[in-house]
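**Student:** I am attaching a structure below and will ask some questions about it afterwards.
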Amino acid sequence: RVDFATETNPDTEQDVVSPEFRWAQRKDRVLITIDLQGVADESFAISNDGLFVFTGRGSYRDQRDKVGNYRLELQLFKGLNASDPSCSGLCDTWKYIQPESTCKVTEGSGPWEKCVLAPEVHNRTHCAVNARDVECVLMKAKREKYWASLLKEGKTIRGMHVDWSKWLDEDKDGVRWNEQVDRAWEWWKDDDDDDEEEETEQQRIAREEEERKQRDKFKRAKKKRKQSRR
C-alpha cells in the first residue's frame, strides 16, 4: 500500500507533501518529470518491483519563495530494471552526475544526437536534477506493449498529469521520435522481435523524409511557444 497523505518532517517540523508531476512512456521506459525547481537535499529509491520514491526540498515556479519538503512515492504498473544505483559509475544513487568537461557530438551526427546525457546512461534507470524540474528515466523490466496506466491497478493520485510534451503514441514508437527524449539509433538496435522484413532503400528514404518533417514541425511549434511567452 502506498500512502500519499501529508506527513511531517521531524527535522524541520514542516509538512511533507506529494508534488505535482507528469509522466509519459515508451515500450522500454517510463518518463517522470517532477515540477519542482531549485531542488536540494534530494534522494531517490528505485526497486525492481516497481517502487519509485523521491524526497527533496524545492518550490513551484510560480511560488519561488515557498520552499517546502516533498515526497513522491509511486507503485508502478509493472516492474522496472532498476540497474544499480551508480549507473555503472555515472550516477550517485540514481542521480545523474553531470560530467565536468564539455562533451561533443560525433562529427556528422544526426540532429537528434545532442550533448545532454552521456549515451551510456540514456538506457539506464536514472534521474537528473535540473534547475527547473527533476527528470527521471525508469527502464521497464522488459520492452513490451504500453502499460495500461502508470500506477498499479490503474490508480490515479492528485498531482499526476500526462506529459503531452514527451508523449508518443504506441504505434509511433519506433517510427518517429520526440526530440526531447528519444534517440533514433535505439530503434535500429532494439527493434521489435516481430519485424521480420528489412526496409528497402525506398522505404528508408520515405521514413527519413517523414522524420525530417516531424523534427521541423516540432521545432516550429517550440519556436512559436517561446515567442508567445514573450
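If you're wondering about the labels, chains in the C-alpha cells are A, B, ... by order shown, residues count from 1 in each chain, ligands from 1 in order shown.
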Residues at most 8 Å from stretch 19-26 of chain A, counting only C-alpha atoms, excluding those fewer than 4 positions away in the same chain, as a ChimeraX atom specification?

**Tutor:** /A:30-36,70-72,146,150,158-164,166-168,170,173

**Student:** Just how far from atom CA of A:Glu73 is atom CA of A:Phe54, in Å to one decimal?

**Tutor:**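 For atom CA of A:Phe54 relative to atom CA of A:Glu73, the distance reads 6.5 Å.
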
**Student:** Could you state the separation of atom CA of A:Phe52 and atom CA of A:Gly89 in Å, given to one decimal place?

**Tutor:**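 Separation between atom CA of A:Phe52 and atom CA of A:Gly89: 20.6 Å.
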
**Student:** For a quick check of understanding, using only C-alpha atoms, which of A:Ala82, A:Asp216, A:Val17, A:Lys27 has the smallest distance to A:Thr55?

**Tutor:**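 Smallest separation from A:Thr55 among the options: A:Val17.
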
**Student:** Can you pull out every residue from stretch 47-226 of chain A that DSSP, working from the backbone, puts in strand (DSSP E), and format the result as a ChimeraX atom specification?

**Tutor:** /A:51-59,68-75,91-92,95-96,126-129,134-139,160-162

**Student:** List as a list of chain:residue names the protein and nucleic acid residues near A:Glu120, meaning an atom at most 9 Å away when only C-alpha atoms are counted, but skip any in the same chain fewer than 6 places from it.

**Tutor:**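 The neighbour list is A:Cys87, A:Ser88, A:Leu90.
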
**Student:** Given only C-alpha atoms as the basis, pick out the residue of A:Arg124, A:Arg220, A:Arg29, A:Arg207 nearest to A:Arg143.

**Tutor:**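 Ranking A:Arg124, A:Arg220, A:Arg29, A:Arg207 by distance to A:Arg143, first place goes to A:Arg29.
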
**Student:** Would you mind reading off the distance between atom CA of A:Gln75 and atom CA of A:Glu135, one decimal, in Å?

**Tutor:**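 Calculated distance between atom CA of A:Gln75 and atom CA of A:Glu135 is 17.5 Å.
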
**Student:** Which residues come within 10 Å of A:Asp41, counting only C-alpha atoms, excluding same-chain residues fewer than 6 positions away, as a list in words?

**Tutor:** Thr55, Gly56, Arg57, Gly58 and Asn69 of chain A

**Student:** Generate a file of the selected residues that holds N, CA and C atoms, formatted as a short mmCIF file (atom, residue, chain, number, x, y, z; two decimals), in the first residue's frame.

**Tutor:**
```cif
data_model
loop_
_atom_site.label_atom_id
_atom_site.label_comp_id
_atom_site.auth_asym_id
_atom_site.auth_seq_id
_atom_site.Cartn_x
_atom_site.Cartn_y
_atom_site.Cartn_z
N THR A 55 12.40 12.15 -2.55
CA THR A 55 12.23 13.13 -1.48
C THR A 55 13.18 14.29 -1.74
N GLY A 56 12.78 15.47 -1.35
CA GLY A 56 13.63 16.63 -1.53
C GLY A 56 12.92 17.92 -1.16
N ARG A 57 13.68 19.01 -1.18
CA ARG A 57 13.14 20.34 -0.90
C ARG A 57 13.17 21.15 -2.18
N GLY A 58 12.10 21.93 -2.40
CA GLY A 58 12.04 22.75 -3.60
C GLY A 58 10.79 23.61 -3.59
N ASN A 69 9.07 20.78 1.81
CA ASN A 69 9.53 19.40 1.76
C ASN A 69 8.54 18.58 0.94
#
```

**Student:** Nearest to A:Glu211 among A:Lys152, A:Lys142, A:His122, A:Lys172, with distances taken over only C-alpha atoms: which residue is it?

**Tutor:** A:Lys172

**Student:** Between A:Lys78, A:Lys219, A:Arg229, A:Lys155, which is the closest to A:Met139 once you count only C-alpha atoms?

**Tutor:**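 Of the candidates, the smallest distance to A:Met139 is held by A:Lys78.
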
**Student:** In terms of the shortest atom-to-atom distance over only C-alpha atoms, which of A:Ser149, A:Asn178, A:Ser86, A:Ser59 is closest to A:Cys127?

**Tutor:**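 Among the listed residues, A:Ser86 lies closest to A:Cys127.
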
**Student:** Within 12 Å of A:Asp92, counting only C-alpha atoms, which residues show up once you throw out same-chain ones fewer than 6 positions away? Write them as number ranges by chain, please.

**Tutor:** A: 42-45, 84-86, 98, 125-129

**Student:** How would the residues just chosen look if you wrote them out with all heavy atoms as a short mmCIF file (atom, residue, chain, number, x, y, z; two decimals), in the first residue's frame?

**Tutor:**
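Everything below was put into result-v7.cif:
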```cif
data_model
loop_
_atom_site.label_atom_id
_atom_site.label_comp_id
_atom_site.auth_asym_id
_atom_site.auth_seq_id
_atom_site.Cartn_x
_atom_site.Cartn_y
_atom_site.Cartn_z
N GLU A 42 17.93 16.16 -2.21
CA GLU A 42 17.13 15.15 -2.89
C GLU A 42 17.68 13.74 -2.67
O GLU A 42 18.87 13.55 -2.42
CB GLU A 42 17.06 15.44 -4.38
CG GLU A 42 18.36 15.22 -5.14
CD GLU A 42 19.33 16.36 -4.99
OE1 GLU A 42 18.94 17.42 -4.47
OE2 GLU A 42 20.51 16.21 -5.42
N SER A 43 16.79 12.77 -2.74
CA SER A 43 17.19 11.37 -2.68
C SER A 43 16.20 10.57 -3.51
O SER A 43 15.03 10.94 -3.66
CB SER A 43 17.22 10.85 -1.24
OG SER A 43 15.92 10.81 -0.69
N PHE A 44 16.68 9.46 -4.05
CA PHE A 44 15.86 8.59 -4.87
C PHE A 44 16.01 7.15 -4.39
O PHE A 44 17.09 6.73 -3.99
CB PHE A 44 16.29 8.67 -6.34
CG PHE A 44 16.26 10.06 -6.92
CD1 PHE A 44 17.41 10.84 -6.92
CD2 PHE A 44 15.10 10.59 -7.44
CE1 PHE A 44 17.39 12.13 -7.44
CE2 PHE A 44 15.07 11.88 -7.96
CZ PHE A 44 16.22 12.64 -7.95
N ALA A 45 14.91 6.40 -4.44
CA ALA A 45 14.93 4.98 -4.15
C ALA A 45 14.09 4.29 -5.22
O ALA A 45 12.91 4.62 -5.39
CB ALA A 45 14.37 4.69 -2.76
N ASP A 84 21.84 -0.72 -11.22
CA ASP A 84 22.50 -0.45 -9.94
C ASP A 84 22.46 1.05 -9.71
O ASP A 84 22.45 1.84 -10.66
CB ASP A 84 23.95 -0.95 -9.95
CG ASP A 84 24.81 -0.17 -10.92
OD1 ASP A 84 24.71 -0.43 -12.14
OD2 ASP A 84 25.58 0.71 -10.47
N PRO A 85 22.41 1.49 -8.45
CA PRO A 85 22.23 2.92 -8.15
C PRO A 85 23.38 3.81 -8.61
O PRO A 85 23.24 5.03 -8.61
CB PRO A 85 22.08 2.94 -6.63
CG PRO A 85 22.68 1.67 -6.14
CD PRO A 85 22.44 0.67 -7.23
N SER A 86 24.49 3.21 -9.02
CA SER A 86 25.60 4.03 -9.51
C SER A 86 25.56 4.21 -11.02
O SER A 86 26.37 4.96 -11.57
CB SER A 86 26.94 3.39 -9.12
OG SER A 86 27.18 2.23 -9.90
N GLN A 98 26.59 15.14 -13.73
CA GLN A 98 26.99 15.87 -14.93
C GLN A 98 28.51 15.82 -15.08
O GLN A 98 29.24 16.12 -14.14
CB GLN A 98 26.53 17.32 -14.86
CG GLN A 98 25.06 17.52 -15.18
CD GLN A 98 24.79 17.43 -16.67
OE1 GLN A 98 25.70 17.27 -17.48
NE2 GLN A 98 23.53 17.53 -17.04
N THR A 125 18.27 3.26 -15.80
CA THR A 125 17.39 3.98 -14.88
C THR A 125 18.21 5.05 -14.16
O THR A 125 19.24 4.76 -13.56
CB THR A 125 16.79 3.00 -13.85
OG1 THR A 125 15.87 2.13 -14.54
CG2 THR A 125 16.04 3.73 -12.76
N HIS A 126 17.75 6.30 -14.25
CA HIS A 126 18.48 7.40 -13.61
C HIS A 126 17.55 8.60 -13.48
O HIS A 126 16.49 8.67 -14.10
CB HIS A 126 19.71 7.78 -14.43
CG HIS A 126 19.37 8.42 -15.75
ND1 HIS A 126 19.08 7.67 -16.87
CD2 HIS A 126 19.25 9.72 -16.11
CE1 HIS A 126 18.80 8.49 -17.87
NE2 HIS A 126 18.89 9.74 -17.45
N CYS A 127 17.98 9.57 -12.69
CA CYS A 127 17.26 10.84 -12.52
C CYS A 127 18.25 11.99 -12.68
O CYS A 127 19.41 11.88 -12.26
CB CYS A 127 16.59 10.92 -11.14
SG CYS A 127 15.24 9.72 -10.90
N ALA A 128 17.77 13.07 -13.26
CA ALA A 128 18.60 14.27 -13.43
C ALA A 128 17.91 15.44 -12.75
O ALA A 128 16.75 15.75 -13.05
CB ALA A 128 18.81 14.56 -14.92
N VAL A 129 18.61 16.09 -11.83
CA VAL A 129 18.08 17.25 -11.12
C VAL A 129 18.47 18.50 -11.89
O VAL A 129 19.64 18.87 -11.96
CB VAL A 129 18.61 17.32 -9.68
CG1 VAL A 129 18.07 18.55 -8.97
CG2 VAL A 129 18.23 16.06 -8.92
#
```
